[in-house]
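Data block for coords.txt (compact mmCIF, C-alpha atoms):
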```txt
# COMPACT_ATOMS: atom_id res chain seq x y z
CA MET I 1 24.68 -24.59 -28.40
CA CYS I 2 23.87 -20.89 -28.09
CA ASN I 3 20.31 -21.33 -26.88
CA LYS I 4 19.36 -18.91 -24.15
CA ILE I 5 16.90 -20.33 -21.62
CA ILE I 6 14.72 -17.90 -19.69
CA ASP I 7 12.84 -18.94 -16.56
CA GLY I 8 10.65 -17.02 -14.12
CA MET I 9 7.99 -17.46 -11.45
CA LYS I 10 5.04 -15.49 -12.85
CA LYS I 11 2.71 -18.49 -12.68
CA GLU I 12 3.63 -19.07 -9.04
CA SER I 13 2.81 -15.48 -8.05
CA LYS I 14 -0.97 -16.06 -7.99
CA ARG I 15 -1.20 -17.65 -4.54
CA PRO I 16 0.67 -14.88 -2.67
CA ARG I 17 -1.35 -12.26 -4.59
CA ASN I 18 -4.65 -13.85 -3.59
CA ALA I 19 -3.51 -14.23 0.03
CA MET I 20 -2.44 -10.58 0.08
CA ILE I 21 -5.79 -9.38 -1.25
CA LEU I 22 -7.73 -11.53 1.19
CA CYS I 23 -5.68 -10.46 4.23
CA TYR I 24 -5.76 -6.75 3.40
CA LEU I 25 -9.50 -6.96 2.74
CA PHE I 26 -10.08 -8.73 6.04
CA ALA I 27 -7.84 -6.21 7.84
CA ALA I 28 -9.88 -3.33 6.44
CA LEU I 29 -13.31 -4.89 6.99
CA MET I 30 -12.83 -6.23 10.52
CA PRO I 31 -12.68 -2.80 12.29
CA LEU I 32 -15.39 -1.44 10.00
CA VAL I 33 -17.80 -4.28 10.81
CA HIS I 34 -17.03 -3.97 14.51
CA TYR I 35 -17.78 -0.24 14.39
CA LEU I 36 -20.98 -0.55 12.34
CA MET I 37 -22.48 -3.47 14.27
CA ASN I 38 -21.57 -2.00 17.63
CA ASN I 39 -21.04 -5.49 18.98
CA ASP I 40 -19.43 -6.07 22.38
CA LYS I 41 -18.26 -9.57 21.50
CA PHE I 42 -14.70 -8.36 20.85
CA SER I 43 -12.87 -5.64 22.72
CA ASP I 44 -11.03 -2.82 20.96
CA ILE I 45 -7.69 -4.46 21.71
CA ASP I 46 -8.88 -7.73 20.13
CA ILE I 47 -9.94 -5.88 16.98
CA LEU I 48 -6.60 -4.05 16.87
CA LEU I 49 -4.69 -7.32 17.23
CA ILE I 50 -6.74 -8.97 14.48
CA PHE I 51 -6.14 -5.95 12.25
CA LEU I 52 -2.38 -6.03 12.87
CA TRP I 53 -2.19 -9.79 12.33
CA CYS I 54 -4.07 -9.58 9.01
CA PHE I 55 -2.03 -6.56 7.93
CA ILE I 56 1.26 -8.38 8.64
CA LEU I 57 0.09 -11.49 6.76
CA GLY I 58 -1.01 -9.29 3.84
CA THR I 59 2.40 -7.61 3.78
CA ILE I 60 4.13 -11.00 3.69
CA GLY I 61 1.85 -11.94 0.79
CA LEU I 62 2.75 -8.68 -0.96
CA TYR I 63 6.45 -9.46 -0.59
CA GLY I 64 5.98 -13.00 -1.96
CA TRP I 65 3.95 -11.71 -4.88
CA MET I 66 6.48 -9.02 -5.84
CA TYR I 67 9.42 -11.40 -5.42
CA ALA I 68 7.80 -14.02 -7.65
CA LEU I 69 6.97 -11.42 -10.30
CA LYS I 70 10.51 -10.03 -10.41
CA TYR I 71 12.42 -13.34 -10.24
CA ARG I 72 14.07 -14.18 -13.57
CA VAL I 73 16.90 -16.51 -14.55
CA GLU I 74 18.56 -16.50 -17.96
CA PHE I 75 21.39 -18.84 -18.83
CA ASP I 76 23.34 -20.01 -21.83
CA ASN I 77 26.69 -21.75 -22.29
CA GLU I 78 28.76 -18.83 -20.99
CA LYS I 79 26.76 -16.72 -18.53
CA VAL I 80 24.00 -16.85 -15.95
CA TYR I 81 21.86 -13.77 -15.32
CA LEU I 82 19.81 -13.71 -12.13
CA LYS I 83 17.40 -10.88 -11.40
CA THR I 84 15.51 -10.82 -8.10
CA LEU I 85 13.56 -8.17 -6.26
CA PHE I 86 16.63 -6.66 -4.61
CA ARG I 87 19.65 -7.58 -6.73
CA LYS I 88 20.96 -8.50 -10.14
CA ILE I 89 23.74 -11.04 -10.55
CA GLU I 90 25.67 -11.81 -13.70
CA LEU I 91 28.21 -14.60 -13.45
CA ASN I 92 30.31 -16.57 -15.84
CA ILE I 93 29.86 -20.33 -15.93
CA CYS I 94 33.64 -20.78 -16.01
CA ASP I 95 33.91 -19.10 -12.55
CA VAL I 96 31.75 -21.78 -10.91
CA LYS I 97 33.85 -24.39 -9.07
CA LYS I 98 31.18 -26.80 -7.78
CA TYR I 99 27.42 -27.05 -7.56
CA THR I 100 24.64 -28.91 -5.78
CA CYS I 101 21.15 -29.65 -7.04
CA ASN I 102 18.07 -30.38 -4.92
CA ARG I 103 14.37 -30.32 -5.66
CA TYR I 104 12.51 -27.62 -3.77
CA ARG I 105 9.84 -29.41 -1.73
CA LYS I 106 7.12 -30.74 -4.05
CA SER I 107 7.26 -27.89 -6.55
CA VAL I 108 8.48 -27.95 -10.13
CA PHE I 109 11.60 -25.99 -9.18
CA TYR I 110 15.13 -27.25 -8.59
CA GLN I 111 17.59 -25.32 -6.45
CA PHE I 112 21.15 -25.06 -7.67
CA ASN I 113 23.80 -23.82 -5.26
CA LEU I 114 26.67 -22.53 -7.36
CA PHE I 115 29.93 -22.21 -5.44
CA ILE I 116 32.20 -19.46 -6.68
CA LYS I 117 35.53 -18.53 -5.06
CA ASP I 118 34.25 -17.09 -1.80
CA LYS I 119 30.48 -17.03 -2.16
CA LYS I 120 27.47 -19.19 -2.92
CA VAL I 121 24.69 -18.27 -5.35
CA LEU I 122 21.26 -19.91 -5.17
CA ILE I 123 19.39 -20.34 -8.45
CA ASN I 124 15.86 -21.71 -8.75
CA THR I 125 14.85 -23.10 -12.13
CA ARG I 126 12.51 -25.66 -13.58
CA TYR I 127 14.99 -26.51 -16.36
CA LYS I 128 17.12 -28.97 -14.41
CA ASP I 129 18.37 -31.10 -17.29
CA GLU I 130 19.32 -28.14 -19.48
CA PHE I 131 21.16 -26.34 -16.66
CA GLU I 132 23.01 -29.52 -15.61
CA LYS I 133 24.02 -30.07 -19.24
CA VAL I 134 25.49 -26.57 -19.40
CA LEU I 135 27.39 -27.17 -16.14
CA LYS I 136 28.67 -30.60 -17.23
CA ASP I 137 29.75 -29.25 -20.62
CA ASN I 138 31.97 -26.81 -18.73
CA LYS I 139 33.34 -29.66 -16.55
CA ILE I 140 31.95 -28.41 -13.27
CA GLU I 141 31.85 -30.94 -10.44
CA GLN I 142 28.60 -31.79 -8.70
CA ILE I 143 28.61 -32.24 -4.93
CA ILE I 144 26.25 -35.02 -3.84
CA LYS I 145 24.96 -34.80 -0.29
```

Could I get this file's structure written as structure tokens?
Amino acid sequence: MCNKIIDGMKKESKRPRNAMILCYLFAALMPLVHYLMNNDKFSDIDILLIFLWCFILGTIGLYGWMYALKYRVEFDNEKVYLKTLFRKIELNICDVKKYTCNRYRKSVFYQFNLFIKDKKVLINTRYKDEFEKVLKDNKIEQIIK
């Protein structure tokens, strides 16, 4: 079997994108509305804290959106290619000693921890059966917790 399976998280990037837009919009509008309405309901420090809080939440949403857009897993019988926002990993299936598989919360993704000599690589994919078949074909032991 030489089929190459490609998996990503582009569909899952919509929620962080929408949260980012909403938080940045609220962060920009809150001081503007306070200035234009000239309302004494909130002090300047309260407005600054609301702005910072919304800006931080928007930045976290931006990070989640970019990470989900850039995440990509490709695997076949011999190699696994993992591309994330900050790093690219290429590893041979024959180098993997053991692995674990858990479902990630209530999502469609499964998390595989691949144990190589001195490090652990985390791979998220929705193709659980295909990836387990590749690992079992190479006689890699599964650790059950």

Out of I:Cys54, I:Leu135, I:Ile89, I:Ile47, which residue has the shortest atom-to-atom distance to Leu25 (chain I) when counting only C-alpha atoms? I:Cys54

Residue with smallest distance to Lys14 (chain I) - pool I:Phe26, I:Phe75, I:Trp65, I:Tyr104, counting all atoms listed in the file: I:Trp65

Can you tell me, as a tab-separated table (two decimals) with C-alpha atoms, in the coordinates of the input, what residues are no more than 7 Å from Val96 (chain I) when counting all atoms listed in the file, ignoring any on the same chain fewer than 2 positions away?
```tsv
chain	number	residue	atom	x	y	z
I	93	ILE	CA	29.86	-20.33	-15.93
I	94	CYS	CA	33.64	-20.78	-16.01
I	98	LYS	CA	31.18	-26.80	-7.78
I	114	LEU	CA	26.67	-22.53	-7.36
I	115	PHE	CA	29.93	-22.21	-5.44
I	116	ILE	CA	32.20	-19.46	-6.68
```

Rounded to one decimal place, report the CA of Asp7 (chain I)-CA of Leu22 (chain I) distance in Å.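 Rounded to one decimal, the two atoms are 28.2 Å apart.
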
Figure out the distance between CA of Lys70 (chain I) and CA of Phe86 (chain I), please, to one decimal in Å.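 It comes out at 9.1 Å.
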
Tell me which protein, DNA and RNA residues are within 6 Å of Met20 (chain I), counting all atoms listed in the file, leaving out same-chain ones fewer than 5 positions away, and put them as a PyMOL selection string. chain I and resi 58+61-62

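Here CA of Tyr110 (chain I) stands at a distance of 10.8 Å from CA of Glu132 (chain I).
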
Nearby residues (only C-alpha atoms) at most 12 Å from Arg103 (chain I), same-chain spacing under 4 positions excluded, as a count of residues only: 13

Let me make sure I understand: among I:Thr84, I:Asn38, I:Asn92, I:Thr59, which one has the smallest atom-to-atom distance to Cys23 (chain I) if we use all atoms listed in the file?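 Answer, going by the shortest atom-to-atom distance: I:Thr59.
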
Distance query Met66 (chain I) at most 9 Å, all atoms listed in the file, self and fewer than 3 positions along chain excluded, as a list in words: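 So, after excluding close chain neighbours, the residues are Ser13, Pro16, Arg17, Gly61, Leu62, Tyr63, Leu69, Lys70, Tyr71 and Leu85 of chain I.
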
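You can rank I:Glu90, I:Asp95, I:Asp76, I:Asp40 by their closest distance to Lys139 (chain I) using only C-alpha atoms, and at the top of that list sits I:Asp95.
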
Considering all atoms listed in the file, state which residue in the set I:Tyr81, I:Phe42, I:Phe51, I:Phe131 is at the smallest distance from Cys101 (chain I). I:Phe131

Smallest atom-to-atom distance to Lys133 (chain I): which of I:Ser43, I:Ile5, I:Glu12, I:Asn77, using all atoms listed in the file?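 Using all atoms listed in the file, the shortest distance to Lys133 (chain I) belongs to I:Asn77.
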
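Using all atoms listed in the file, every residue with an atom at most 9 Å from the point (-9.7, -3.2, 9.3) is listed here: Tyr24, Leu25, Phe26, Ala27, Ala28, Leu29, Met30, Pro31, Leu32, Val33, Ile47, Leu48, Ile50, Phe51, Leu52, Cys54 and Phe55 of chain I.
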
Size and centre in Å, one decimal, axis-aligned box, all listed region 13-16 of chain I atoms plus 6 Å per side, as lines of an AutoDock Vina configuration file:
```
center_x = 0.8
center_y = -16.3
center_z = -5.4
size_x = 16.0
size_y = 14.8
size_z = 17.4
```

With all atoms listed in the file as the counted atoms, please give the residues lying no more than 6 Å from Arg72 (chain I), apart from itself and same-chain residues fewer than 3 positions off, as a ChimeraX atom specification. /I:7-8,82-83

Kindly save the residues from that selection, with C-alpha atoms included, as a PDB file, in the coordinates of the input.
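Generated output (out_21.pdb):
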```pdb
ATOM      1  CA  ASP I   7      12.840 -18.940 -16.560  1.00  0.00           C
ATOM      2  CA  GLY I   8      10.650 -17.020 -14.120  1.00  0.00           C
ATOM      3  CA  LEU I  82      19.810 -13.710 -12.130  1.00  0.00           C
ATOM      4  CA  LYS I  83      17.400 -10.880 -11.400  1.00  0.00           C
TER       5      LYS I  83
END
```
